[in-house]
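One structure is given below, encoded as structure tokens.
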Amino acid sequence: MTALGRLAARIGPILVVAILWEIAADFAHSRMLPPVTAILRTMAAELASGRMIHQLNATLIRVACAFVLAMGLGSLLGIAMGRIAWLDRLLDSLLVFLLNLPALVVIVLIFVWFGLSETTTILAVALNKLPSTAVTLREGTRAIDEGLVEMARSFRVPRPRIWRRVILPQLYPYLFAATRSGLALIWKVVLVAELLGRTDGVGFQIEVYFQLFDVTGILAYTLAFVIVVQLIEWVLLQPLERRAARWR
């Protein structure tokens, strides 16, 4: 498939949804279902004023910090649990408990216990993602082909090189799966945390528009952030994944 064909395959379904939305909005004539053109005009006005750039920047910084923290600690924990049986038995129940703990509860408790600050916001968001990252990497570590590891050891390959050349390449699919699910979860949880306890960010701005019953403004900020996350997927994650999977 050509580059133009791949672009059309990606954008085509989105354009179809936008056209259907515009038609439905024309028929509805309701403030609760604004047309796509009105949403885009609001987005353009917010960008021109600089307000949307500021709010997006605040949210993206929180997303990046929480993502790095959750992926780093969660990956280390998951790999350790996958390689060390006693550690897996010790922490499995705690991991399941954290997986089933609602994100809203975690955010509220962190804010109540430690106050409203940037640090507590990032910590609350990271704690919501860490368990799923750990589970994904644990399962990936269990699926490693031990025969390849033993063969590398028999040839006296240094341990750091075994990790870099044998173990990590087998974990790449699980790392990218955790990365995608992490971004999808973290930015949603960040918006909830901003709505509850911050004075800037996309979540805060959506809460302001909610108080005004301004559906167009809510959708404009939602669409803007979805576009940013989608660009991260297309421009950063997919090229990195293709590069990491070249050995296959």
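Every chain in the structure tokens takes a letter, A first, then B, and so on in the order presented; its residues are numbered from 1, and the ligands are numbered from 1 following the presented order.
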Segment 102-108 of chain A environment, 7 Å, only C-alpha atoms, sequence neighbours closer than 5 positions dropped, as a PyMOL selection string: chain A and resi 124+128+193
Let me see the file: selected residues, N, CA and C atoms, as a PDB file, in the first residue's frame.
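Once everything was written out, this is again-v2.pdb:
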ATOM      1  N   ALA A 124      -0.889  10.171  41.847  1.00  0.00           N
ATOM      2  CA  ALA A 124      -2.203   9.527  41.771  1.00  0.00           C
ATOM      3  C   ALA A 124      -2.433   8.916  40.398  1.00  0.00           C
ATOM      4  N   ASN A 128      -2.490   4.615  39.159  1.00  0.00           N
ATOM      5  CA  ASN A 128      -3.582   3.980  38.419  1.00  0.00           C
ATOM      6  C   ASN A 128      -3.080   3.170  37.234  1.00  0.00           C
ATOM      7  N   ALA A 193      -8.200  13.988  37.354  1.00  0.00           N
ATOM      8  CA  ALA A 193      -7.441  14.624  38.432  1.00  0.00           C
ATOM      9  C   ALA A 193      -7.460  16.148  38.295  1.00  0.00           C
TER      10      ALA A 193
END
Close residues, Phe204 of chain A itself excluded, 9 Å, only C-alpha atoms, min 6 positions apart in chain, as a PyMOL selection string: chain A and resi 55+191-198
Minimum-distance residue to Ser117 of chain A, chosen among A:Ala48, A:Ala24, A:Arg62, A:Val215 (using only C-alpha atoms): A:Arg62
Residues near segment 81-98 of chain A, cut-off 6 Å, only C-alpha atoms, skip fewer than 2 positions along chain, as a list in words: Gly78, Ile79, Asn100, Leu101, Pro131, Arg138, Thr141 and Arg142 of chain A
Selected residue of minimal separation from Asn57 of chain A among A:Ala70, A:Ile110, A:Val228, A:Ile23, counting only C-alpha atoms: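 Result for the nearest residue to Asn57 of chain A: A:Val228.
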Counting only C-alpha atoms, the option among A:Leu77, A:Val63, A:Val157, A:Ile144 closest to Ala184 of chain A: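 Nearest to Ala184 of chain A: A:Val63.
Counting only C-alpha atoms and comparing A:Pro239, A:Leu33, A:Ala178, A:Thr136, the residue that lies closest to Phe213 of chain A is A:Leu33.
Restricting the calculation to only C-alpha atoms, the smallest distance between Ala126 of chain A and any of A:Tyr221, A:Phe114, A:Phe176, A:Phe67 is found for A:Phe67.
Near Arg31 of chain A, within 10 Å and counting only C-alpha atoms, sit Ala25, Ala28, His29, Leu33, Pro34, Pro35, Phe213, Asp214, Val215 and Thr216 of chain A; same-chain residues fewer than 2 positions away were not included.
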Contacts of Ala64 of chain A at 10 Å (only C-alpha atoms; same-chain gap of 5+ positions) as a VMD selection string: chain A and resid 59 69 to 70 122 183 186 to 187
Output C-alpha atoms for every residue in the selection just made, as a JSON list (two decimals), in the first residue's frame.
[["chain", "number", "residue", "atom", "x", "y", "z"],
["A", 59, "THR", "CA", -1.89, 18.42, 30.75],
["A", 69, "LEU", "CA", 6.93, 7.00, 36.40],
["A", 70, "ALA", "CA", 4.27, 4.32, 35.83],
["A", 122, "ILE", "CA", 1.25, 12.86, 39.05],
["A", 183, "LEU", "CA", -1.27, 6.54, 27.19],
["A", 186, "ILE", "CA", -3.20, 8.04, 31.76],
["A", 187, "TRP", "CA", -4.55, 10.98, 29.78]]
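Relative to atom CA of Phe225 of chain A, atom CA of Gly12 of chain A is found at 19.7 Å.
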Long-range neighbours of Leu123 of chain A as a VMD selection string, 7 Å cut-off, only C-alpha atoms, 4 positions minimum in chain: chain A and resid 66 119 127
Selection from above, C-alpha atoms, as a CSV table (one decimal), in the first residue's frame, can you write it?
chain,number,residue,atom,x,y,z
A,66,ALA,CA,3.0,10.1,35.2
A,119,THR,CA,3.4,16.0,42.8
A,127,LEU,CA,-0.6,4.6,40.6
Which residue of A:Gly182, A:Leu175, A:Val189, A:Leu76 approaches Leu240 of chain A most closely, using only C-alpha atoms: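 Once distances to Leu240 of chain A are computed over only C-alpha atoms, the minimum belongs to A:Leu175.
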